[in-house]
Amino acid sequence: MTLNALSNDILVHELQLGEQLNKSVHHERRSDFSLLLAMLTDDVRAHSQFTLPLSQIPEKTTSSEQLRKYFQLPDEAPLALKDVADISRYNQASLLEQQQLEGLRLANILNPKPLAFRDDVKHIDQQVMTNTSLYCQQKNQDISLAKTQQRADFNAKAWLAAVQTTIVKAPLMAAVA
């Protein structure tokens with residue numbers, strides 16, 4: 001079974017349960033209620049009531065390049081290597097061996113070294129991913145899951161009708177039982 005096949009099997013938020021939570025409370029089935037809650041994802045941000053509509057972000061008036069130019073700052077240190085040939089720039093052992101720490105610091109200030117070897121923001125080590133929940137693994141693997149988490153329109157009339165039906169049927173169910 002692949003991870004993509006699990007997309008329909010993973011319970012993410014309470015809207016997928018329909019009225020099952022409500023029915024289990026009214027029928028006093030505590031074990032069913034507990035089981036249903038336990039099956040939901042532990043990431044509360046994925047629940048439907050916490051999904052907010054997207055808003056437009058105001059356009060930035062000043063870029064970081066303009067600020068660097070205004071304050072006469074040097075170029076930013078690159079975050080990662082661009083070529084494999086750049087690995088030779090990290091060979092600073094000879095300066096350390098000769099105890100030229102000032103020269104090493106000056107060389108790093110004049111020509112900043114990249115901070116990391118990899119420039120993949122979305123890269124997560126496989127060992128880390130295997131220790132996360134199925135929901136987290138699928139969220140990081142498949143972007144289509146984010147489309148299914150969009151906030152559903154709230155139908156107040158249908159909700160009130162369901163509440164009214166539950167209230168009306170509750171005494172009848174108690175009388176039958």
# chains A, B, ... in the order shown; residues from 1 in each chain; ligands from 1

$ residues_around --residues "Phe154 (chain A)" --least-positions-apart "5" --cutoff "12 Å" --atoms "only C-alpha atoms" --output "short mmCIF file (atom, residue, chain, number, x, y, z; two decimals) with all heavy atoms, in the first residue's frame"
data_model
loop_
_atom_site.label_atom_id
_atom_site.label_comp_id
_atom_site.auth_asym_id
_atom_site.auth_seq_id
_atom_site.Cartn_x
_atom_site.Cartn_y
_atom_site.Cartn_z
N LEU A 15 -14.94 16.96 10.13
CA LEU A 15 -15.95 17.02 9.08
C LEU A 15 -16.04 15.70 8.30
O LEU A 15 -17.08 15.39 7.74
CB LEU A 15 -15.66 18.17 8.12
CG LEU A 15 -15.90 19.57 8.66
CD1 LEU A 15 -15.55 20.61 7.62
CD2 LEU A 15 -17.33 19.74 9.11
N SER A 48 -10.68 21.51 10.57
CA SER A 48 -11.38 22.44 9.69
C SER A 48 -11.60 23.81 10.31
O SER A 48 -11.55 24.81 9.61
CB SER A 48 -12.71 21.84 9.27
OG SER A 48 -13.49 21.57 10.41
N GLN A 49 -11.83 23.92 11.58
CA GLN A 49 -12.11 25.22 12.16
C GLN A 49 -10.87 26.11 12.23
O GLN A 49 -10.99 27.31 12.43
CB GLN A 49 -12.76 25.11 13.53
CG GLN A 49 -11.89 24.53 14.61
CD GLN A 49 -12.15 23.05 14.80
OE1 GLN A 49 -12.48 22.35 13.87
NE2 GLN A 49 -12.00 22.57 16.01
N TRP A 159 -27.22 22.77 9.48
CA TRP A 159 -26.70 22.47 10.81
C TRP A 159 -27.80 22.61 11.86
O TRP A 159 -27.95 21.76 12.74
CB TRP A 159 -25.53 23.40 11.12
CG TRP A 159 -24.94 23.17 12.47
CD1 TRP A 159 -24.12 22.15 12.85
CD2 TRP A 159 -25.15 23.97 13.64
NE1 TRP A 159 -23.79 22.27 14.17
CE2 TRP A 159 -24.42 23.38 14.69
CE3 TRP A 159 -25.87 25.11 13.90
CZ2 TRP A 159 -24.40 23.91 15.96
CZ3 TRP A 159 -25.84 25.64 15.17
CH2 TRP A 159 -25.11 25.04 16.19
N LEU A 160 -28.58 23.69 11.77
CA LEU A 160 -29.67 23.89 12.72
C LEU A 160 -30.73 22.80 12.58
O LEU A 160 -31.29 22.33 13.58
CB LEU A 160 -30.30 25.27 12.53
CG LEU A 160 -29.47 26.44 13.04
CD1 LEU A 160 -30.09 27.76 12.63
CD2 LEU A 160 -29.29 26.37 14.54
#

$ closest_residue --among "A:Asn91, A:Gln98, A:Gln137, A:Gln164" --to "Ile10 (chain A)" --atoms "only C-alpha atoms"
A:Gln137

$ residues_around --residues "Ala116 (chain A)" --least-positions-apart "6" --cutoff "9 Å" --atoms "only C-alpha atoms" --output "list in words"
Pro78, Leu79, Ala80 and Leu81 of chain A

$ atom_distance --atom1 "CA of Glu76 (chain A)" --atom2 "CA of Lys113 (chain A)"
9.9 Å

$ residues_around --residues "Ile109 (chain A)" --least-positions-apart "4" --cutoff "10 Å" --atoms "only C-alpha atoms" --output "VMD selection string"
chain A and resid 74 77 103 to 105 113

$ write_last_selection --atoms "N, CA, C and O atoms" --output "compact mmCIF listing (two decimals), in the first residue's frame"
# COMPACT_ATOMS: atom_id res chain seq x y z
N PRO A 74 27.74 44.43 2.74
CA PRO A 74 28.23 43.50 1.71
C PRO A 74 27.12 42.55 1.27
O PRO A 74 26.04 42.50 1.86
N ALA A 77 25.67 36.25 2.57
CA ALA A 77 26.37 34.97 2.46
C ALA A 77 25.42 33.99 1.78
O ALA A 77 24.24 33.92 2.13
N GLY A 103 43.42 35.88 9.54
CA GLY A 103 43.38 35.77 8.09
C GLY A 103 42.16 34.97 7.63
O GLY A 103 41.52 35.30 6.62
N LEU A 104 41.84 33.92 8.38
CA LEU A 104 40.67 33.11 8.07
C LEU A 104 39.38 33.93 8.22
O LEU A 104 38.51 33.90 7.36
N ARG A 105 39.31 34.72 9.28
CA ARG A 105 38.13 35.56 9.50
C ARG A 105 38.03 36.63 8.42
O ARG A 105 36.94 36.91 7.90
N LYS A 113 31.49 32.40 2.92
CA LYS A 113 31.29 31.00 2.53
C LYS A 113 29.81 30.64 2.69
O LYS A 113 29.13 31.18 3.55

$ atom_distance --atom1 "CA of Ala162 (chain A)" --atom2 "CA of His47 (chain A)"
21.0 Å

$ closest_residue --among "A:His13, A:Thr41, A:His26, A:Asn111" --to "Leu134 (chain A)" --atoms "only C-alpha atoms"
A:Thr41

$ atom_distance --atom1 "CA of Leu21 (chain A)" --atom2 "CA of Leu36 (chain A)"
7.1 Å

$ decode --residues "region 101-128 of chain A" --atoms "N, CA, C and O atoms" --output "compact mmCIF listing (two decimals), in the first residue's frame"
# COMPACT_ATOMS: atom_id res chain seq x y z
N LEU A 101 44.09 32.69 12.39
CA LEU A 101 42.66 32.84 12.57
C LEU A 101 42.16 34.20 12.07
O LEU A 101 41.04 34.31 11.56
N GLU A 102 43.00 35.25 12.22
CA GLU A 102 42.61 36.57 11.72
C GLU A 102 42.49 36.55 10.20
O GLU A 102 41.55 37.13 9.63
N GLY A 103 43.42 35.88 9.54
CA GLY A 103 43.38 35.77 8.09
C GLY A 103 42.16 34.97 7.63
O GLY A 103 41.52 35.30 6.62
N LEU A 104 41.84 33.92 8.38
CA LEU A 104 40.67 33.11 8.07
C LEU A 104 39.38 33.93 8.22
O LEU A 104 38.51 33.90 7.36
N ARG A 105 39.31 34.72 9.28
CA ARG A 105 38.13 35.56 9.50
C ARG A 105 38.03 36.63 8.42
O ARG A 105 36.94 36.91 7.90
N LEU A 106 39.14 37.24 8.05
CA LEU A 106 39.14 38.27 7.02
C LEU A 106 38.72 37.67 5.67
O LEU A 106 37.91 38.27 4.95
N ALA A 107 39.22 36.49 5.36
CA ALA A 107 38.85 35.84 4.10
C ALA A 107 37.35 35.51 4.08
O ALA A 107 36.70 35.64 3.04
N ASN A 108 36.82 35.13 5.22
CA ASN A 108 35.40 34.81 5.28
C ASN A 108 34.54 36.07 5.20
O ASN A 108 33.43 36.03 4.67
N ILE A 109 35.02 37.19 5.70
CA ILE A 109 34.27 38.44 5.62
C ILE A 109 34.29 38.98 4.20
O ILE A 109 33.26 39.43 3.67
N LEU A 110 35.45 38.93 3.55
CA LEU A 110 35.55 39.45 2.18
C LEU A 110 34.82 38.57 1.17
O LEU A 110 34.22 39.07 0.22
N ASN A 111 34.90 37.28 1.37
CA ASN A 111 34.26 36.35 0.46
C ASN A 111 33.50 35.32 1.30
O ASN A 111 34.02 34.25 1.59
N PRO A 112 32.26 35.64 1.70
CA PRO A 112 31.54 34.75 2.63
C PRO A 112 31.32 33.37 2.06
O PRO A 112 31.00 33.20 0.89
N LYS A 113 31.49 32.40 2.92
CA LYS A 113 31.29 31.00 2.53
C LYS A 113 29.81 30.64 2.69
O LYS A 113 29.13 31.18 3.55
N PRO A 114 29.33 29.72 1.89
CA PRO A 114 27.94 29.25 2.07
C PRO A 114 27.75 28.61 3.44
O PRO A 114 28.68 28.03 4.00
N LEU A 115 26.55 28.73 3.95
CA LEU A 115 26.28 28.22 5.29
C LEU A 115 26.01 26.72 5.31
O LEU A 115 26.13 26.08 6.33
N ALA A 116 25.60 26.16 4.17
CA ALA A 116 25.27 24.74 4.11
C ALA A 116 25.65 24.19 2.74
O ALA A 116 25.89 24.94 1.80
N PHE A 117 25.69 22.87 2.64
CA PHE A 117 26.00 22.24 1.37
C PHE A 117 24.76 22.07 0.51
O PHE A 117 24.84 22.08 -0.70
N ARG A 118 23.60 21.92 1.10
CA ARG A 118 22.37 21.64 0.37
C ARG A 118 21.49 22.88 0.37
O ARG A 118 21.30 23.53 1.37
N ASP A 119 20.90 23.19 -0.81
CA ASP A 119 19.99 24.32 -0.92
C ASP A 119 18.60 23.84 -1.31
O ASP A 119 18.02 24.28 -2.28
N ASP A 120 18.09 22.91 -0.56
CA ASP A 120 16.76 22.38 -0.82
C ASP A 120 15.94 22.60 0.44
O ASP A 120 16.07 21.89 1.43
N VAL A 121 15.10 23.61 0.41
CA VAL A 121 14.32 23.98 1.58
C VAL A 121 13.38 22.87 1.99
O VAL A 121 13.14 22.65 3.18
N LYS A 122 12.86 22.14 1.04
CA LYS A 122 11.86 21.11 1.34
C LYS A 122 12.48 19.75 1.65
O LYS A 122 11.75 18.80 1.86
N HIS A 123 13.79 19.66 1.66
CA HIS A 123 14.42 18.37 1.93
C HIS A 123 14.33 18.04 3.42
O HIS A 123 14.70 18.83 4.27
N ILE A 124 13.79 16.88 3.69
CA ILE A 124 13.75 16.35 5.05
C ILE A 124 14.33 14.95 4.98
O ILE A 124 13.95 14.15 4.13
N ASP A 125 15.24 14.67 5.86
CA ASP A 125 15.89 13.38 5.87
C ASP A 125 14.87 12.26 6.02
O ASP A 125 13.89 12.38 6.76
N GLN A 126 15.08 11.17 5.31
CA GLN A 126 14.13 10.05 5.31
C GLN A 126 13.97 9.46 6.71
O GLN A 126 12.88 9.04 7.09
N GLN A 127 15.02 9.46 7.47
CA GLN A 127 14.96 8.93 8.83
C GLN A 127 14.02 9.78 9.70
O GLN A 127 13.31 9.25 10.55
N VAL A 128 14.00 11.08 9.47
CA VAL A 128 13.10 11.95 10.21
C VAL A 128 11.66 11.72 9.76
O VAL A 128 10.74 11.65 10.58
